[in-house]
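*Asks:* Pasting final00.cif below, which is mmCIF, C-alpha atoms.
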data_run
#
loop_
_atom_site.group_PDB
_atom_site.id
_atom_site.type_symbol
_atom_site.label_atom_id
_atom_site.label_comp_id
_atom_site.auth_asym_id
_atom_site.auth_seq_id
_atom_site.Cartn_x
_atom_site.Cartn_y
_atom_site.Cartn_z
ATOM 1 C CA MET A 773 104.841 -84.676 212.857
ATOM 2 C CA LYS A 774 102.709 -82.925 215.476
ATOM 3 C CA ASN A 775 99.121 -84.181 215.753
ATOM 4 C CA HIS A 776 97.505 -81.084 217.219
ATOM 5 C CA LYS A 777 98.143 -77.334 217.389
ATOM 6 C CA ALA A 778 97.618 -74.909 220.271
ATOM 7 C CA ILE A 779 97.779 -71.221 221.144
ATOM 8 C CA ILE A 780 98.548 -69.785 224.579
ATOM 9 C CA ILE A 781 97.097 -66.431 225.695
ATOM 10 C CA ASP A 782 98.321 -65.150 229.067
ATOM 11 C CA ASP A 783 99.439 -61.670 230.125
ATOM 12 C CA GLU A 784 102.326 -63.025 232.230
ATOM 13 C CA GLU A 785 105.402 -63.975 230.221
ATOM 14 C CA HIS A 786 106.722 -66.477 232.755
ATOM 15 C CA CYS A 787 103.328 -68.251 232.756
ATOM 16 C CA ARG A 788 103.325 -68.499 228.954
ATOM 17 C CA ASN A 789 106.864 -69.838 228.834
ATOM 18 C CA ALA A 790 106.305 -72.237 231.738
ATOM 19 C CA LEU A 791 103.179 -73.698 230.142
ATOM 20 C CA LYS A 792 104.892 -74.002 226.764
ATOM 21 C CA LYS A 793 107.808 -75.874 228.354
ATOM 22 C CA GLN A 794 105.487 -78.073 230.388
ATOM 23 C CA LEU A 795 103.502 -78.957 227.269
ATOM 24 C CA SER A 796 106.665 -79.858 225.342
ATOM 25 C CA TRP A 797 107.626 -82.294 228.113
ATOM 26 C CA SER A 798 104.212 -83.767 228.866
ATOM 27 C CA ILE A 799 102.498 -83.655 225.461
ATOM 28 C CA PRO A 800 105.130 -83.769 222.702
ATOM 29 C CA ASP A 801 102.440 -84.325 220.048
ATOM 30 C CA LEU A 802 101.061 -80.835 220.697
ATOM 31 C CA GLU A 803 102.595 -77.975 218.702
ATOM 32 C CA ILE A 804 102.466 -74.429 220.123
ATOM 33 C CA ILE A 805 101.893 -72.284 217.029
ATOM 34 C CA GLY A 806 101.598 -68.946 218.819
ATOM 35 C CA MET A 807 101.446 -67.043 222.096
ATOM 36 C CA ALA A 808 99.921 -63.690 223.007
ATOM 37 C CA SER A 809 99.893 -61.438 226.065
ATOM 38 C CA ASN A 810 96.550 -59.682 225.558
ATOM 39 C CA ILE A 811 93.073 -60.058 224.108
ATOM 40 C CA SER A 812 93.711 -58.017 220.962
ATOM 41 C CA ASP A 813 96.835 -59.899 219.865
ATOM 42 C CA GLY A 814 95.279 -63.193 220.903
ATOM 43 C CA LYS A 815 92.228 -62.630 218.743
ATOM 44 C CA LYS A 816 94.453 -61.868 215.727
ATOM 45 C CA LEU A 817 96.325 -65.126 216.304
ATOM 46 C CA LEU A 818 93.096 -67.111 216.480
ATOM 47 C CA GLU A 819 91.741 -65.494 213.321
ATOM 48 C CA THR A 820 95.008 -66.060 211.431
ATOM 49 C CA HIS A 821 95.695 -69.629 212.520
ATOM 50 C CA ASN A 822 93.449 -72.597 213.064
ATOM 51 C CA PRO A 823 94.367 -74.121 216.456
ATOM 52 C CA ASP A 824 92.844 -77.243 217.901
ATOM 53 C CA ILE A 825 93.223 -75.983 221.474
ATOM 54 C CA LEU A 826 93.393 -72.566 223.138
ATOM 55 C CA PHE A 827 94.967 -72.236 226.592
ATOM 56 C CA LEU A 828 93.342 -69.033 227.830
ATOM 57 C CA ASP A 829 94.030 -66.995 230.957
ATOM 58 C CA ILE A 830 90.945 -65.455 232.564
ATOM 59 C CA GLU A 831 92.227 -62.329 234.306
ATOM 60 C CA MET A 832 94.161 -60.015 231.970
ATOM 61 C CA PRO A 833 94.593 -56.241 231.562
ATOM 62 C CA GLY A 834 92.279 -54.803 228.929
ATOM 63 C CA GLY A 835 89.724 -57.618 229.090
ATOM 64 C CA SER A 836 89.171 -61.120 230.413
ATOM 65 C CA GLY A 837 89.364 -64.431 228.622
ATOM 66 C CA PHE A 838 85.579 -64.455 228.670
ATOM 67 C CA ASP A 839 85.563 -61.158 226.746
ATOM 68 C CA LEU A 840 87.714 -62.754 224.051
ATOM 69 C CA ILE A 841 85.387 -65.737 223.681
ATOM 70 C CA ALA A 842 82.348 -63.443 223.556
ATOM 71 C CA SER A 843 83.947 -61.419 220.740
ATOM 72 C CA MET A 844 84.592 -64.399 218.446
ATOM 73 C CA GLN A 845 82.205 -64.953 215.558
ATOM 74 C CA ASN A 846 82.887 -68.656 215.217
ATOM 75 C CA ILE A 847 84.627 -71.031 217.610
ATOM 76 C CA SER A 848 86.129 -74.165 216.052
ATOM 77 C CA PHE A 849 88.691 -74.907 218.756
ATOM 78 C CA HIS A 850 88.654 -76.354 222.251
ATOM 79 C CA VAL A 851 89.288 -74.008 225.174
ATOM 80 C CA ILE A 852 91.123 -74.788 228.404
ATOM 81 C CA PHE A 853 90.934 -71.852 230.791
ATOM 82 C CA THR A 854 93.987 -71.258 232.996
ATOM 83 C CA THR A 855 93.639 -69.103 236.084
ATOM 84 C CA ALA A 856 95.055 -68.389 239.533
ATOM 85 C CA TYR A 857 91.669 -67.200 240.770
ATOM 86 C CA ASP A 858 89.269 -69.721 242.277
ATOM 87 C CA GLU A 859 86.270 -67.361 242.193
ATOM 88 C CA TYR A 860 82.649 -67.425 241.006
ATOM 89 C CA ALA A 861 83.842 -67.794 237.426
ATOM 90 C CA ILE A 862 85.253 -71.222 238.243
ATOM 91 C CA ASP A 863 81.833 -72.346 239.456
ATOM 92 C CA ALA A 864 80.352 -71.152 236.171
ATOM 93 C CA ILE A 865 83.010 -73.030 234.203
ATOM 94 C CA LYS A 866 82.337 -76.229 236.152
ATOM 95 C CA LEU A 867 78.593 -75.823 235.701
ATOM 96 C CA ASN A 868 78.950 -75.613 231.927
ATOM 97 C CA ALA A 869 81.481 -78.468 231.686
ATOM 98 C CA VAL A 870 84.227 -76.318 230.165
ATOM 99 C CA ASP A 871 87.806 -77.377 230.928
ATOM 100 C CA TYR A 872 90.061 -75.329 233.198
ATOM 101 C CA LEU A 873 93.327 -75.573 235.104
ATOM 102 C CA LEU A 874 94.239 -73.718 238.275
ATOM 103 C CA LYS A 875 97.690 -72.118 238.472
ATOM 104 C CA PRO A 876 100.280 -73.303 239.278
ATOM 105 C CA ILE A 877 99.394 -75.932 236.706
ATOM 106 C CA ASP A 878 100.007 -79.525 237.678
ATOM 107 C CA GLY A 879 101.579 -81.718 234.975
ATOM 108 C CA GLU A 880 99.247 -84.666 235.506
ATOM 109 C CA GLU A 881 96.165 -82.434 235.461
ATOM 110 C CA LEU A 882 97.429 -80.858 232.240
ATOM 111 C CA VAL A 883 97.733 -84.244 230.523
ATOM 112 C CA THR A 884 94.315 -85.318 231.847
ATOM 113 C CA ALA A 885 92.678 -82.127 230.536
ATOM 114 C CA TYR A 886 94.362 -82.572 227.155
ATOM 115 C CA ASN A 887 93.292 -86.199 226.790
ATOM 116 C CA LYS A 888 89.739 -85.375 227.835
ATOM 117 C CA ILE A 889 89.378 -82.437 225.490
ATOM 118 C CA ILE A 890 90.803 -84.278 222.476
ATOM 119 C CA ALA A 891 88.238 -87.037 223.027
ATOM 120 C CA LYS A 892 85.406 -84.533 222.716
ATOM 121 C CA GLN A 893 83.747 -83.334 219.559
ATOM 122 C CA LYS A 894 84.390 -79.685 218.690
ATOM 123 C CA ALA A 895 80.650 -79.164 218.309
ATOM 124 C CA GLU A 896 80.307 -79.776 222.032
ATOM 125 C CA THR A 897 82.759 -76.974 222.777
ATOM 126 C CA GLY A 898 80.574 -74.438 220.992
ATOM 127 C CA THR A 899 77.516 -75.442 222.998
ATOM 128 C CA GLN A 900 79.421 -75.390 226.282
ATOM 129 C CA LEU A 901 80.953 -71.965 225.621
ATOM 130 C CA GLU A 902 77.561 -70.625 224.570
ATOM 131 C CA SER A 903 76.117 -71.774 227.887
ATOM 132 C CA LEU A 904 79.090 -70.382 229.815
ATOM 133 C CA ILE A 905 78.926 -66.881 228.321
ATOM 134 C CA ASN A 906 75.162 -66.701 228.797
ATOM 135 C CA HIS A 907 75.516 -67.919 232.408
ATOM 136 C CA LEU A 908 78.180 -65.317 233.167
ATOM 137 C CA ARG A 909 76.142 -62.619 231.497
ATOM 138 C CA LYS A 910 73.294 -63.252 233.922
ATOM 139 C CA GLN A 911 75.741 -62.751 236.816
ATOM 140 C CA ASN A 912 77.559 -59.792 235.313
ATOM 141 C CA LYS A 913 75.483 -57.149 233.593
ATOM 142 C CA ASN A 914 78.673 -55.722 231.996
ATOM 143 C CA ILE A 915 78.731 -58.720 229.654
ATOM 144 C CA ASN A 916 76.061 -57.587 227.204
ATOM 145 C CA LYS A 917 76.709 -60.178 224.513
ATOM 146 C CA ILE A 918 74.897 -63.424 223.902
ATOM 147 C CA ALA A 919 76.053 -66.498 222.018
ATOM 148 C CA LEU A 920 73.654 -67.765 219.379
ATOM 149 C CA PRO A 921 74.012 -71.043 217.465
ATOM 150 C CA THR A 922 73.572 -70.449 213.724
ATOM 151 C CA GLN A 923 74.018 -72.778 210.757
ATOM 152 C CA GLU A 924 77.641 -71.580 210.385
ATOM 153 C CA GLY A 925 78.550 -71.928 214.085
ATOM 154 C CA LEU A 926 78.272 -69.576 217.044
ATOM 155 C CA GLU A 927 77.593 -65.885 216.586
ATOM 156 C CA PHE A 928 78.127 -63.440 219.450
ATOM 157 C CA ILE A 929 76.036 -60.285 219.307
ATOM 158 C CA CYS A 930 75.296 -57.351 221.595
ATOM 159 C CA THR A 931 71.755 -57.424 222.919
ATOM 160 C CA ASP A 932 71.327 -53.688 222.347
ATOM 161 C CA SER A 933 71.841 -54.284 218.601
ATOM 162 C CA ILE A 934 68.665 -56.412 218.493
ATOM 163 C CA ILE A 935 65.465 -54.621 217.481
ATOM 164 C CA ARG A 936 63.067 -57.554 217.707
ATOM 165 C CA CYS A 937 62.687 -61.316 217.517
ATOM 166 C CA GLU A 938 59.931 -63.169 215.701
ATOM 167 C CA SER A 939 58.940 -66.821 215.873
ATOM 168 C CA GLU A 940 58.013 -69.082 213.014
ATOM 169 C CA GLY A 941 56.958 -72.399 214.489
ATOM 170 C CA SER A 942 59.973 -74.036 216.120
ATOM 171 C CA TYR A 943 62.315 -71.450 214.577
ATOM 172 C CA SER A 944 63.022 -67.777 215.196
ATOM 173 C CA TYR A 945 64.312 -64.730 213.363
ATOM 174 C CA ILE A 946 66.368 -61.964 214.976
ATOM 175 C CA TYR A 947 66.175 -58.531 213.346
ATOM 176 C CA MET A 948 69.122 -56.246 214.109
ATOM 177 C CA LYS A 949 69.959 -52.545 213.762
ATOM 178 C CA ASN A 950 72.453 -53.119 210.938
ATOM 179 C CA ASP A 951 69.655 -54.598 208.776
ATOM 180 C CA LYS A 952 71.026 -58.063 209.473
ATOM 181 C CA LYS A 953 68.632 -60.935 210.054
ATOM 182 C CA LEU A 954 69.604 -64.149 211.850
ATOM 183 C CA PHE A 955 67.747 -67.435 211.500
ATOM 184 C CA LEU A 956 67.857 -69.754 214.529
ATOM 185 C CA SER A 957 66.550 -73.251 215.126
ATOM 186 C CA LYS A 958 65.229 -72.165 218.537
ATOM 187 C CA THR A 959 61.747 -71.346 219.762
ATOM 188 C CA LEU A 960 60.992 -67.785 220.818
ATOM 189 C CA LYS A 961 60.571 -68.971 224.410
ATOM 190 C CA SER A 962 64.075 -70.461 224.344
ATOM 191 C CA LEU A 963 65.466 -67.307 222.757
ATOM 192 C CA GLU A 964 63.748 -65.162 225.389
ATOM 193 C CA SER A 965 65.530 -67.080 228.160
ATOM 194 C CA ILE A 966 68.894 -66.653 226.410
ATOM 195 C CA ILE A 967 68.528 -62.883 225.959
ATOM 196 C CA SER A 968 67.319 -62.414 229.540
ATOM 197 C CA ASP A 969 67.568 -58.621 229.265
ATOM 198 C CA GLU A 970 65.224 -56.195 231.025
ATOM 199 C CA SER A 971 64.977 -54.142 227.822
ATOM 200 C CA PHE A 972 63.118 -56.975 226.064
ATOM 201 C CA ILE A 973 59.460 -57.791 226.500
ATOM 202 C CA ARG A 974 57.158 -60.393 224.966
ATOM 203 C CA VAL A 975 54.238 -58.471 223.442
ATOM 204 C CA HIS A 976 52.740 -61.346 221.474
ATOM 205 C CA HIS A 977 53.151 -65.126 221.299
ATOM 206 C CA SER A 978 55.181 -64.550 218.120
ATOM 207 C CA HIS A 979 57.043 -61.359 219.012
ATOM 208 C CA LEU A 980 59.746 -60.286 221.472
ATOM 209 C CA VAL A 981 60.795 -56.644 221.183
ATOM 210 C CA ASN A 982 63.483 -54.300 222.486
ATOM 211 C CA ILE A 983 61.525 -51.513 224.181
ATOM 212 C CA ASN A 984 64.364 -49.089 223.404
ATOM 213 C CA CYS A 985 63.668 -49.598 219.695
ATOM 214 C CA ILE A 986 59.946 -48.744 219.787
ATOM 215 C CA LYS A 987 59.110 -45.565 217.854
ATOM 216 C CA LYS A 988 55.361 -45.469 218.398
ATOM 217 C CA TYR A 989 52.467 -47.297 220.036
ATOM 218 C CA LEU A 990 49.193 -47.313 218.096
ATOM 219 C CA LYS A 991 45.994 -47.792 220.052
ATOM 220 C CA GLY A 992 43.669 -50.676 219.346
ATOM 221 C CA ALA A 993 42.194 -53.824 220.899
ATOM 222 C CA GLY A 994 45.707 -54.851 221.786
ATOM 223 C CA GLY A 995 47.477 -52.165 219.854
ATOM 224 C CA GLN A 996 50.426 -52.114 217.499
ATOM 225 C CA LEU A 997 54.071 -51.108 217.775
ATOM 226 C CA VAL A 998 56.025 -49.254 215.126
ATOM 227 C CA MET A 999 59.669 -50.287 215.459
ATOM 228 C CA GLU A 1000 62.883 -48.557 214.393
ATOM 229 C CA ASP A 1001 63.169 -50.801 211.333
ATOM 230 C CA GLY A 1002 59.702 -49.740 210.185
ATOM 231 C CA SER A 1003 58.046 -53.024 211.084
ATOM 232 C CA ILE A 1004 54.617 -53.025 212.699
ATOM 233 C CA ILE A 1005 54.243 -55.521 215.534
ATOM 234 C CA PRO A 1006 50.874 -56.532 217.026
ATOM 235 C CA VAL A 1007 50.378 -56.435 220.785
ATOM 236 C CA SER A 1008 48.088 -59.185 222.030
ATOM 237 C CA LYS A 1009 45.139 -58.256 224.254
ATOM 238 C CA SER A 1010 46.437 -60.466 227.044
ATOM 239 C CA LYS A 1011 49.810 -58.695 227.103
ATOM 240 C CA LYS A 1012 48.624 -55.129 226.530
ATOM 241 C CA ASN A 1013 48.354 -54.099 230.198
ATOM 242 C CA SER A 1014 51.713 -55.570 231.249
ATOM 243 C CA PHE A 1015 53.346 -53.929 228.228
ATOM 244 C CA LEU A 1016 51.892 -50.485 229.002
ATOM 245 C CA GLU A 1017 52.944 -50.834 232.641
ATOM 246 C CA ARG A 1018 56.514 -51.518 231.540
ATOM 247 C CA LEU A 1019 56.522 -48.396 229.390
#
Output the file's structure in the form of structure tokens.

*Replies:*
Amino acid sequence: MKNHKAIIIDDEEHCRNALKKQLSWSIPDLEIIGMASNISDGKKLLETHNPDILFLDIEMPGGSGFDLIASMQNISFHVIFTTAYDEYAIDAIKLNAVDYLLKPIDGEELVTAYNKIIAKQKAETGTQLESLINHLRKQNKNINKIALPTQEGLEFICTDSIIRCESEGSYSYIYMKNDKKLFLSKTLKSLESIISDESFIRVHHSHLVNINCIKKYLKGAGGQLVMEDGSIIPVSKSKKNSFLERL
């Protein structure tokens, strides 16, 4: 009986078949339960099955492997990126301790990566992928999603869907355009560094807002903001001038 299950996503058929064959020789305990040639089919496979490991190509037509990871609501599997491109993305992967293999894949390196990743806890994978996506987002403004750790796992959301963030001690709430509210065990300062978007500004020690979602500014000592969701957010005196300059 196979001990672990894996899925391979790669746009090149010969790469998929070669990796599958190599895995059957080198790691007979690993069962390949599915293969896909694009992001859309790959995501369906991941949502239908429950793999332990995903072998994921980076460069593919219609979206990169990073796009796939950023689109997943919850990640309960390990990821080993496979790529022929030794570019900036590899540096980001190394920095965030996520596993990868350069093509053509060496058999010994494949076994080493497998043994290392099986020894890890899956919880670590979520944290590492969260860091990776956020790191890449800072380098590539086209990646407008952030990974947020919730009680259920990781949730990937578009920053432009966020109206505002509010702190409550060591925790934070994110209020979104679809009337959804996320609770995070992160401080607002930590959340501010994760979002790292020019559209967001700290207007109060307890409030971070999306300036594109402000409906009205009401004058006062510091003033108040009326947001798209109808909430009224105070602007602190110390942040009033910097806020008005941004507007």

*Asks:* Give the answer as one residue: which of A:Val998, A:Ala993, A:Leu791, A:Ile805 has the shortest atom-to-atom distance to His821 (chain A), using all atoms listed in the file?

*Replies:*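 Of all the options, A:Ile805 lies closest to His821 (chain A).
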
*Asks:* Could the centre and edge lengths of an axis-aligned box, enclosing all atoms of region 873-882 of chain A in the file with 6 Å extra on each side, be given in Å to one decimal as JSON?

*Replies:*
{"center_x": 97.5, "center_y": -78.4, "center_z": 235.8, "size_x": 20.3, "size_y": 24.5, "size_z": 19.0}

*Asks:* Set the distance at 10 Å and use only C-alpha atoms: which residues neighbour Ser978 (chain A) once local chain neighbours fewer than 5 positions away are removed? I'd like the list as a PyMOL selection string.

*Replies:* chain A and resi 937-941+944+959-961+1005-1008

*Asks:* State, in Å with one decimal place, the distance from CA of Phe849 (chain A) to CA of Ser962 (chain A).

*Replies:* 25.6 Å

*Asks:* Run the PyMOL selection byres ((chain A and resi 808-810) around 8) on the file and write out the hits as a PyMOL selection string.

*Replies:* chain A and resi 780-785+806-807+811-814+817+832-835

*Asks:* Pick out the closest residue to Glu803 (chain A) from this set: A:Ala778, A:Ala790, A:Leu963, A:Ile825. Count only C-alpha atoms.

*Replies:* A:Ala778

*Asks:* Which residues fall under the PyMOL selection byres ((chain A and resi 879-882) around 10) in this file, as a ChimeraX atom specification?

*Replies:* /A:791,794-795,797-799,852,872-874,876-878,883-888

*Asks:* Specify as an mmCIF file with C-alpha atoms, keeping the file's coordinate frame each residue included when the PyMOL selection byres ((chain A and resi 1001) around 9) is applied to this file.

*Replies:*
data_model
loop_
_atom_site.group_PDB
_atom_site.id
_atom_site.type_symbol
_atom_site.label_atom_id
_atom_site.label_comp_id
_atom_site.auth_asym_id
_atom_site.auth_seq_id
_atom_site.Cartn_x
_atom_site.Cartn_y
_atom_site.Cartn_z
ATOM 1 C CA ILE A 935 65.465 -54.621 217.481
ATOM 2 C CA TYR A 947 66.175 -58.531 213.346
ATOM 3 C CA MET A 948 69.122 -56.246 214.109
ATOM 4 C CA LYS A 949 69.959 -52.545 213.762
ATOM 5 C CA ASP A 951 69.655 -54.598 208.776
ATOM 6 C CA CYS A 985 63.668 -49.598 219.695
ATOM 7 C CA VAL A 998 56.025 -49.254 215.126
ATOM 8 C CA MET A 999 59.669 -50.287 215.459
ATOM 9 C CA GLU A 1000 62.883 -48.557 214.393
ATOM 10 C CA GLY A 1002 59.702 -49.740 210.185
ATOM 11 C CA SER A 1003 58.046 -53.024 211.084
ATOM 12 C CA ILE A 1004 54.617 -53.025 212.699
#

*Asks:* Given the choices A:Leu980, A:Ser848, A:Asn822, A:Leu840, which gets closest to Ser965 (chain A) if the distance is worked out from only C-alpha atoms?

*Replies:*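 Once distances to Ser965 (chain A) are computed over only C-alpha atoms, the minimum belongs to A:Leu980.
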
*Asks:* Name the residues in contact with His776 (chain A) at a cut-off of 7 Å, using all atoms listed in the file, excluding same-chain residues fewer than 4 positions from it; report them as a PyMOL selection string.

*Replies:* chain A and resi 801-803+824

*Asks:* Between CA of Asn789 (chain A) and CA of Met844 (chain A), measure the distance and give it in Å to one decimal.

*Replies:*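 A separation of 25.2 Å between them.
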
*Asks:* In Å, rounded to a single decimal, give me how far CA of Asn984 (chain A) is from CA of Asn950 (chain A).

*Replies:*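 Interatomic distance, CA of Asn950 (chain A) to CA of Asn984 (chain A): 15.4 Å.
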